[in-house]
2 protein chains.
Amino acid sequence: MSDLQPLDPLIQALRRLPGVGVKSAQRMAFHLMQRDQDGARVLSRALQEAVDSVQHCSRCNTFTHDAVCPICRDAGRDAARLCVVETPADLAAMERTGAYSGYYFVLMGRISPMDGVGAKDIGLPRLLERVADGVVQEVILATSFTTEGEATAHAVTELMQGRQVQVTRLARGVPVGSELEYVDLGTIAHALVERR
Amino acid sequence: MSDLQPLDPLIQALRRLPGVGVKSAQRMAFHLMQRDQDGARVLSRALQEAVDSVQHCSRCNTFTHDAVCPICRDAGRDAARLCVVETPADLAAMERTGAYSGYYFVLMGRISPMDGVGAKDIGLPRLLERVADGVVQEVILATSFTTEGEATAHAVTELMQGRQVQVTRLARGVPVGSELEYVDLGTIAHALVERR
Ligand SMILES: [Zn+2]
Ligand SMILES: [Zn+2]
């Protein structure tokens, strides 16, 4: 059967991508082989290079080509502040605001009992180590405002109990530029409670 | 920026997969790097091996590791019959029925004016060559029963005009095992017209 289905190994490998079932994998394999072999080569190399050369920053845990990432190497930032985010994409979003000049810690996940991800599976022990440097005064929780993100923020808060650091959380509220009519009620309720 | 976003090349490469936008590509890259680096290696190799070793069968045009695929090498099949399908997956479906013993021709696509795929972009010239062997007596059209599949079947039929081959089409009708109540009306109407 293997030569009757020469694309089977590729189809099986594509199924390891999240959200890709057998039909999508077949469509992807067929597309690459029939219409974009160059894309297949580019993707093959990008995967190999990412696995070979991307590592975790030893200070903030984000993905980087070096032992310590460019942000952690930047001595000009505010070392008293440490912002805790779930993913490198969240870190990038914070950076794009231009409103934050401290350092980061990237959990590389969030607590999700449904998916079997507990407090130990995200980088909490390493975060504790990072905070114990005696310089960090404020830990800013920038995890998602979802059930899982809130559970994660809660776990970090507990972890910081009894340590000489202040724990803060990004404010919840109505997104800038949105019309109240289209904002969900929970958000409006929170914005009302946290009004200032 | 490149070391701030070390997964960017991988994310860009993943976007070449059909149906994968920037958000999905980010999720896939993150998943592979954080939770399934072995999956990334396996996919990298599968892509490279598919591009390096899979080719088109010189007789039926399907994907194969060899110059001529196992089905075309099988001298025990009925050489008077040639079934025209759109993709290798369709060929595999026909084979699984166990009801067909002739040979195949795989168009590797279907006519789709919307996507700029015309009669010349699918393997019609090679099909014409294949049919001209003087042995094929019947061309069985097993393209999809969609607008594009019908247009493709029509184009093949026109191509065969004046040649000494009979052109037939798979019968349309109510799928085996289905309750009439749940079958779409177009299918029922066709089944009625083509009743026998
Ligand atoms: Zn870092
Ligand atoms: Zn063949």
# chains A, B, ... in the order shown; residues from 1 in each chain; ligands from 1
>>> residues_near_ligand(ligand="ligand 2", cutoff="6 Å", atoms="only C-alpha atoms and all ligand atoms", output="number ranges by chain")
B: 57, 59-62, 68-69, 71-72
>>> closest_atom_pairs(of="chain A", to="ligand 1", cutoff="12 Å", atoms="only C-alpha atoms and all ligand atoms", output="JSON lines")
{"residue": "A:Gln55", "atom": "CA", "partner": "ligand 1", "partner_atom_place_in_ligand_line": "1 (Zn)", "distance": 10.6}
{"residue": "A:His56", "atom": "CA", "partner": "ligand 1", "partner_atom_place_in_ligand_line": "1 (Zn)", "distance": 7.9}
{"residue": "A:Cys57", "atom": "CA", "partner": "ligand 1", "partner_atom_place_in_ligand_line": "1 (Zn)", "distance": 4.6}
{"residue": "A:Ser58", "atom": "CA", "partner": "ligand 1", "partner_atom_place_in_ligand_line": "1 (Zn)", "distance": 6.5}
{"residue": "A:Arg59", "atom": "CA", "partner": "ligand 1", "partner_atom_place_in_ligand_line": "1 (Zn)", "distance": 5.0}
{"residue": "A:Cys60", "atom": "CA", "partner": "ligand 1", "partner_atom_place_in_ligand_line": "1 (Zn)", "distance": 3.9}
{"residue": "A:Asn61", "atom": "CA", "partner": "ligand 1", "partner_atom_place_in_ligand_line": "1 (Zn)", "distance": 6.0}
{"residue": "A:Thr62", "atom": "CA", "partner": "ligand 1", "partner_atom_place_in_ligand_line": "1 (Zn)", "distance": 5.8}
{"residue": "A:Phe63", "atom": "CA", "partner": "ligand 1", "partner_atom_place_in_ligand_line": "1 (Zn)", "distance": 8.0}
{"residue": "A:Thr64", "atom": "CA", "partner": "ligand 1", "partner_atom_place_in_ligand_line": "1 (Zn)", "distance": 7.7}
{"residue": "A:His65", "atom": "CA", "partner": "ligand 1", "partner_atom_place_in_ligand_line": "1 (Zn)", "distance": 10.6}
{"residue": "A:Asp66", "atom": "CA", "partner": "ligand 1", "partner_atom_place_in_ligand_line": "1 (Zn)", "distance": 9.2}
{"residue": "A:Ala67", "atom": "CA", "partner": "ligand 1", "partner_atom_place_in_ligand_line": "1 (Zn)", "distance": 8.4}
{"residue": "A:Val68", "atom": "CA", "partner": "ligand 1", "partner_atom_place_in_ligand_line": "1 (Zn)", "distance": 5.3}
{"residue": "A:Cys69", "atom": "CA", "partner": "ligand 1", "partner_atom_place_in_ligand_line": "1 (Zn)", "distance": 4.1}
{"residue": "A:Pro70", "atom": "CA", "partner": "ligand 1", "partner_atom_place_in_ligand_line": "1 (Zn)", "distance": 6.6}
{"residue": "A:Ile71", "atom": "CA", "partner": "ligand 1", "partner_atom_place_in_ligand_line": "1 (Zn)", "distance": 5.7}
{"residue": "A:Cys72", "atom": "CA", "partner": "ligand 1", "partner_atom_place_in_ligand_line": "1 (Zn)", "distance": 4.3}
{"residue": "A:Arg73", "atom": "CA", "partner": "ligand 1", "partner_atom_place_in_ligand_line": "1 (Zn)", "distance": 7.3}
{"residue": "A:Asp74", "atom": "CA", "partner": "ligand 1", "partner_atom_place_in_ligand_line": "1 (Zn)", "distance": 9.4}
{"residue": "A:Ala75", "atom": "CA", "partner": "ligand 1", "partner_atom_place_in_ligand_line": "1 (Zn)", "distance": 11.7}
{"residue": "A:Leu82", "atom": "CA", "partner": "ligand 1", "partner_atom_place_in_ligand_line": "1 (Zn)", "distance": 11.3}
{"residue": "A:Cys83", "atom": "CA", "partner": "ligand 1", "partner_atom_place_in_ligand_line": "1 (Zn)", "distance": 11.7}
{"residue": "A:Val84", "atom": "CA", "partner": "ligand 1", "partner_atom_place_in_ligand_line": "1 (Zn)", "distance": 11.9}
{"residue": "A:Pro88", "atom": "CA", "partner": "ligand 1", "partner_atom_place_in_ligand_line": "1 (Zn)", "distance": 10.2}
{"residue": "A:Leu91", "atom": "CA", "partner": "ligand 1", "partner_atom_place_in_ligand_line": "1 (Zn)", "distance": 10.4}
{"residue": "A:Gly102", "atom": "CA", "partner": "ligand 1", "partner_atom_place_in_ligand_line": "1 (Zn)", "distance": 11.5}
{"residue": "A:Tyr103", "atom": "CA", "partner": "ligand 1", "partner_atom_place_in_ligand_line": "1 (Zn)", "distance": 8.0}
{"residue": "A:Tyr104", "atom": "CA", "partner": "ligand 1", "partner_atom_place_in_ligand_line": "1 (Zn)", "distance": 7.1}
{"residue": "A:Phe105", "atom": "CA", "partner": "ligand 1", "partner_atom_place_in_ligand_line": "1 (Zn)", "distance": 7.5}
{"residue": "A:Val106", "atom": "CA", "partner": "ligand 1", "partner_atom_place_in_ligand_line": "1 (Zn)", "distance": 8.5}
{"residue": "A:Leu107", "atom": "CA", "partner": "ligand 1", "partner_atom_place_in_ligand_line": "1 (Zn)", "distance": 11.8}
{"residue": "A:Arg130", "atom": "CA", "partner": "ligand 1", "partner_atom_place_in_ligand_line": "1 (Zn)", "distance": 11.0}
>>> write_last_selection(atoms="C-alpha atoms", output="mmCIF file, in the first residue's frame")
data_model
loop_
_atom_site.group_PDB
_atom_site.id
_atom_site.type_symbol
_atom_site.label_atom_id
_atom_site.label_comp_id
_atom_site.auth_asym_id
_atom_site.auth_seq_id
_atom_site.Cartn_x
_atom_site.Cartn_y
_atom_site.Cartn_z
ATOM 1 C CA GLN A 55 16.078 28.127 22.417
ATOM 2 C CA HIS A 56 14.604 29.586 25.588
ATOM 3 C CA CYS A 57 16.139 32.763 27.036
ATOM 4 C CA SER A 58 17.765 31.824 30.329
ATOM 5 C CA ARG A 59 16.349 34.915 32.020
ATOM 6 C CA CYS A 60 12.852 35.492 30.612
ATOM 7 C CA ASN A 61 12.105 32.107 29.020
ATOM 8 C CA THR A 62 11.027 33.527 25.638
ATOM 9 C CA PHE A 63 12.221 32.010 22.352
ATOM 10 C CA THR A 64 15.543 33.402 21.156
ATOM 11 C CA HIS A 65 18.549 32.536 19.000
ATOM 12 C CA ASP A 66 20.929 33.397 21.862
ATOM 13 C CA ALA A 67 21.359 32.246 25.446
ATOM 14 C CA VAL A 68 19.928 35.580 26.622
ATOM 15 C CA CYS A 69 17.407 37.460 24.476
ATOM 16 C CA PRO A 70 17.882 41.057 23.235
ATOM 17 C CA ILE A 71 15.384 42.494 25.738
ATOM 18 C CA CYS A 72 17.074 40.837 28.723
ATOM 19 C CA ARG A 73 20.456 41.990 27.372
ATOM 20 C CA ASP A 74 19.205 45.600 27.231
ATOM 21 C CA ALA A 75 20.625 47.145 30.440
ATOM 22 C CA LEU A 82 8.740 42.273 35.627
ATOM 23 C CA CYS A 83 5.770 41.642 33.361
ATOM 24 C CA VAL A 84 4.461 38.059 33.275
ATOM 25 C CA PRO A 88 6.133 35.331 23.056
ATOM 26 C CA LEU A 91 5.361 39.832 24.872
ATOM 27 C CA GLY A 102 10.570 46.789 32.308
ATOM 28 C CA TYR A 103 11.594 43.175 31.740
ATOM 29 C CA TYR A 104 9.452 40.122 31.058
ATOM 30 C CA PHE A 105 8.887 36.579 32.065
ATOM 31 C CA VAL A 106 7.203 34.304 29.518
ATOM 32 C CA LEU A 107 5.323 31.351 31.019
ATOM 33 C CA ARG A 130 13.858 35.112 38.534
#
>>> interface_residues(of="chain B", to="chain A", cutoff="6 Å", atoms="only C-alpha atoms", output="ChimeraX atom specification")
/B:6,10,13,17-18,28,40,43-44,46-47,64
>>> atom_distance(atom1="CA of Pro175 in chain A", atom2="CA of Val117 in chain A")
29.4 Å
>>> closest_residue(among="B:Ala151, B:Arg195, B:Met160, B:Lys23", to="Glu129 in chain B", atoms="only C-alpha atoms")
B:Met160
>>> atom_distance(atom1="CA of Glu138 in chain A", atom2="CA of Gln164 in chain A")
8.9 Å
>>> atom_distance(atom1="CA of Arg110 in chain A", atom2="CA of Thr152 in chain A")
5.8 Å
>>> select_by_dssp(residues="range 1-193 of chain B", states="strand (DSSP E or B)", output="ChimeraX atom specification")
/B:55-56,63-64,78-85,102-106,112,117,138-141,166-169
>>> residues_around(residues="Val139 in chain B", least_positions_apart="3", cutoff="9 Å", atoms="only C-alpha atoms", output="PyMOL selection string")
chain B and resi 80-84+131+136+157+160+165-169
>>> write_last_selection(atoms="N, CA and C atoms", output="mmCIF file, in the first residue's frame")
data_model
loop_
_atom_site.group_PDB
_atom_site.id
_atom_site.type_symbol
_atom_site.label_atom_id
_atom_site.label_comp_id
_atom_site.auth_asym_id
_atom_site.auth_seq_id
_atom_site.Cartn_x
_atom_site.Cartn_y
_atom_site.Cartn_z
ATOM 1 N N ALA B 80 -8.859 -2.087 -21.457
ATOM 2 C CA ALA B 80 -9.845 -1.435 -22.318
ATOM 3 C C ALA B 80 -10.561 -0.302 -21.588
ATOM 4 N N ARG B 81 -10.423 -0.265 -20.250
ATOM 5 C CA ARG B 81 -11.127 0.738 -19.470
ATOM 6 C C ARG B 81 -10.152 1.714 -18.786
ATOM 7 N N LEU B 82 -10.461 3.008 -18.888
ATOM 8 C CA LEU B 82 -9.629 4.037 -18.273
ATOM 9 C C LEU B 82 -10.527 4.974 -17.471
ATOM 10 N N CYS B 83 -10.312 5.024 -16.160
ATOM 11 C CA CYS B 83 -11.137 5.855 -15.288
ATOM 12 C C CYS B 83 -10.420 7.176 -15.012
ATOM 13 N N VAL B 84 -11.082 8.280 -15.296
ATOM 14 C CA VAL B 84 -10.484 9.605 -15.121
ATOM 15 C C VAL B 84 -10.944 10.192 -13.784
ATOM 16 N N VAL B 131 -4.965 7.983 -24.163
ATOM 17 C CA VAL B 131 -6.129 7.321 -24.759
ATOM 18 C C VAL B 131 -5.820 6.848 -26.182
ATOM 19 N N VAL B 136 -7.539 1.382 -25.228
ATOM 20 C CA VAL B 136 -8.630 1.919 -24.412
ATOM 21 C C VAL B 136 -9.898 2.021 -25.254
ATOM 22 N N THR B 157 -15.071 15.047 -22.208
ATOM 23 C CA THR B 157 -15.983 14.517 -23.214
ATOM 24 C C THR B 157 -15.720 15.167 -24.576
ATOM 25 N N MET B 160 -12.714 13.925 -26.337
ATOM 26 C CA MET B 160 -12.792 12.573 -26.878
ATOM 27 C C MET B 160 -13.642 12.479 -28.152
ATOM 28 N N VAL B 165 -13.430 5.999 -28.798
ATOM 29 C CA VAL B 165 -13.652 5.540 -27.427
ATOM 30 C C VAL B 165 -15.038 5.971 -26.960
ATOM 31 N N GLN B 166 -15.622 5.127 -26.123
ATOM 32 C CA GLN B 166 -16.905 5.451 -25.526
ATOM 33 C C GLN B 166 -16.633 6.231 -24.239
ATOM 34 N N VAL B 167 -17.370 7.323 -24.018
ATOM 35 C CA VAL B 167 -17.194 8.095 -22.790
ATOM 36 C C VAL B 167 -18.401 7.879 -21.894
ATOM 37 N N THR B 168 -18.185 7.412 -20.668
ATOM 38 C CA THR B 168 -19.285 7.213 -19.720
ATOM 39 C C THR B 168 -19.013 8.032 -18.460
ATOM 40 N N ARG B 169 -20.060 8.184 -17.651
ATOM 41 C CA ARG B 169 -19.951 8.982 -16.427
ATOM 42 C C ARG B 169 -20.504 8.150 -15.284
#
>>> select_by_dssp(residues="range 80-179 of chain A", states="helix (DSSP H, G or I)", output="PyMOL selection string")
chain A and resi 88-97+113-115+124-131+147-159
>>> write_last_selection(atoms="N, CA, C and O atoms", output="compact mmCIF listing (two decimals), in the first residue's frame")
# COMPACT_ATOMS: atom_id res chain seq x y z
N PRO A 88 5.32 34.32 23.75
CA PRO A 88 6.13 35.33 23.06
C PRO A 88 5.28 36.32 22.25
O PRO A 88 5.64 37.48 22.11
N ALA A 89 4.13 35.85 21.73
CA ALA A 89 3.26 36.75 20.98
C ALA A 89 2.69 37.83 21.90
O ALA A 89 2.52 39.00 21.51
N ASP A 90 2.39 37.47 23.16
CA ASP A 90 1.89 38.45 24.13
C ASP A 90 3.00 39.46 24.49
O ASP A 90 2.75 40.66 24.63
N LEU A 91 4.22 38.95 24.63
CA LEU A 91 5.36 39.83 24.87
C LEU A 91 5.48 40.85 23.73
O LEU A 91 5.63 42.05 23.96
N ALA A 92 5.39 40.36 22.51
CA ALA A 92 5.51 41.25 21.35
C ALA A 92 4.41 42.31 21.36
O ALA A 92 4.65 43.47 21.02
N ALA A 93 3.19 41.90 21.76
CA ALA A 93 2.08 42.87 21.81
C ALA A 93 2.38 43.96 22.85
O ALA A 93 2.17 45.14 22.59
N MET A 94 2.87 43.56 24.02
CA MET A 94 3.24 44.54 25.05
C MET A 94 4.30 45.50 24.52
O MET A 94 4.22 46.71 24.72
N GLU A 95 5.31 44.94 23.84
CA GLU A 95 6.38 45.79 23.30
C GLU A 95 5.85 46.79 22.28
O GLU A 95 6.29 47.94 22.24
N ARG A 96 4.88 46.35 21.47
CA ARG A 96 4.35 47.24 20.43
C ARG A 96 3.62 48.44 21.03
O ARG A 96 3.50 49.47 20.39
N THR A 97 3.10 48.30 22.26
CA THR A 97 2.41 49.44 22.88
C THR A 97 3.39 50.59 23.13
O THR A 97 2.99 51.75 23.19
N PRO A 113 -6.66 23.12 33.48
CA PRO A 113 -6.96 21.78 34.01
C PRO A 113 -7.57 20.87 32.94
O PRO A 113 -7.27 19.68 32.90
N MET A 114 -8.39 21.45 32.05
CA MET A 114 -8.99 20.67 30.97
C MET A 114 -7.95 19.99 30.10
O MET A 114 -8.15 18.87 29.63
N ASP A 115 -6.84 20.68 29.85
CA ASP A 115 -5.79 20.11 29.01
C ASP A 115 -4.68 19.47 29.84
O ASP A 115 -3.62 19.13 29.32
N LEU A 124 6.56 28.33 36.42
CA LEU A 124 6.48 28.99 37.73
C LEU A 124 7.73 28.85 38.60
O LEU A 124 8.16 29.83 39.20
N PRO A 125 8.34 27.67 38.69
CA PRO A 125 9.56 27.58 39.51
C PRO A 125 10.65 28.54 39.00
O PRO A 125 11.32 29.20 39.79
N ARG A 126 10.78 28.61 37.69
CA ARG A 126 11.80 29.51 37.12
C ARG A 126 11.44 30.97 37.36
O ARG A 126 12.30 31.83 37.53
N LEU A 127 10.13 31.27 37.34
CA LEU A 127 9.70 32.64 37.63
C LEU A 127 10.08 33.02 39.06
O LEU A 127 10.57 34.13 39.32
N LEU A 128 9.88 32.09 39.98
CA LEU A 128 10.20 32.33 41.39
C LEU A 128 11.68 32.66 41.54
O LEU A 128 12.07 33.62 42.23
N GLU A 129 12.50 31.88 40.86
CA GLU A 129 13.95 32.10 40.84
C GLU A 129 14.28 33.49 40.29
O GLU A 129 15.09 34.23 40.85
N ARG A 130 13.61 33.84 39.20
CA ARG A 130 13.86 35.11 38.53
C ARG A 130 13.52 36.28 39.46
O ARG A 130 14.25 37.29 39.49
N VAL A 131 12.42 36.15 40.21
CA VAL A 131 11.94 37.23 41.06
C VAL A 131 12.84 37.39 42.30
O VAL A 131 12.91 38.46 42.90
N THR A 147 -10.77 32.44 31.68
CA THR A 147 -10.76 31.61 32.88
C THR A 147 -9.36 31.07 33.14
O THR A 147 -8.85 31.12 34.27
N GLU A 148 -8.71 30.58 32.08
CA GLU A 148 -7.38 30.00 32.25
C GLU A 148 -6.34 31.05 32.59
O GLU A 148 -5.47 30.83 33.43
N GLY A 149 -6.46 32.21 31.93
CA GLY A 149 -5.51 33.29 32.21
C GLY A 149 -5.66 33.80 33.63
O GLY A 149 -4.66 34.10 34.32
N GLU A 150 -6.90 33.86 34.11
CA GLU A 150 -7.16 34.31 35.48
C GLU A 150 -6.63 33.29 36.49
O GLU A 150 -6.05 33.64 37.52
N ALA A 151 -6.82 32.00 36.18
CA ALA A 151 -6.30 30.95 37.06
C ALA A 151 -4.78 31.04 37.13
O ALA A 151 -4.17 30.87 38.20
N THR A 152 -4.17 31.33 36.01
CA THR A 152 -2.71 31.47 35.96
C THR A 152 -2.26 32.67 36.79
O THR A 152 -1.31 32.58 37.57
N ALA A 153 -2.97 33.79 36.61
CA ALA A 153 -2.64 35.00 37.38
C ALA A 153 -2.78 34.72 38.88
O ALA A 153 -1.95 35.14 39.69
N HIS A 154 -3.82 33.98 39.23
CA HIS A 154 -4.06 33.63 40.62
C HIS A 154 -2.90 32.78 41.17
O HIS A 154 -2.40 33.01 42.28
N ALA A 155 -2.45 31.82 40.39
CA ALA A 155 -1.35 30.95 40.82
C ALA A 155 -0.06 31.76 41.03
O ALA A 155 0.68 31.51 41.98
N VAL A 156 0.18 32.70 40.13
CA VAL A 156 1.39 33.53 40.27
C VAL A 156 1.28 34.39 41.53
O VAL A 156 2.24 34.53 42.29
N THR A 157 0.09 34.93 41.75
CA THR A 157 -0.14 35.77 42.94
C THR A 157 0.15 34.97 44.22
O THR A 157 0.84 35.44 45.13
N GLU A 158 -0.35 33.74 44.27
CA GLU A 158 -0.11 32.89 45.44
C GLU A 158 1.37 32.63 45.63
O GLU A 158 1.89 32.63 46.74
N LEU A 159 2.04 32.39 44.51
CA LEU A 159 3.48 32.10 44.53
C LEU A 159 4.27 33.26 45.13
O LEU A 159 5.31 33.06 45.76
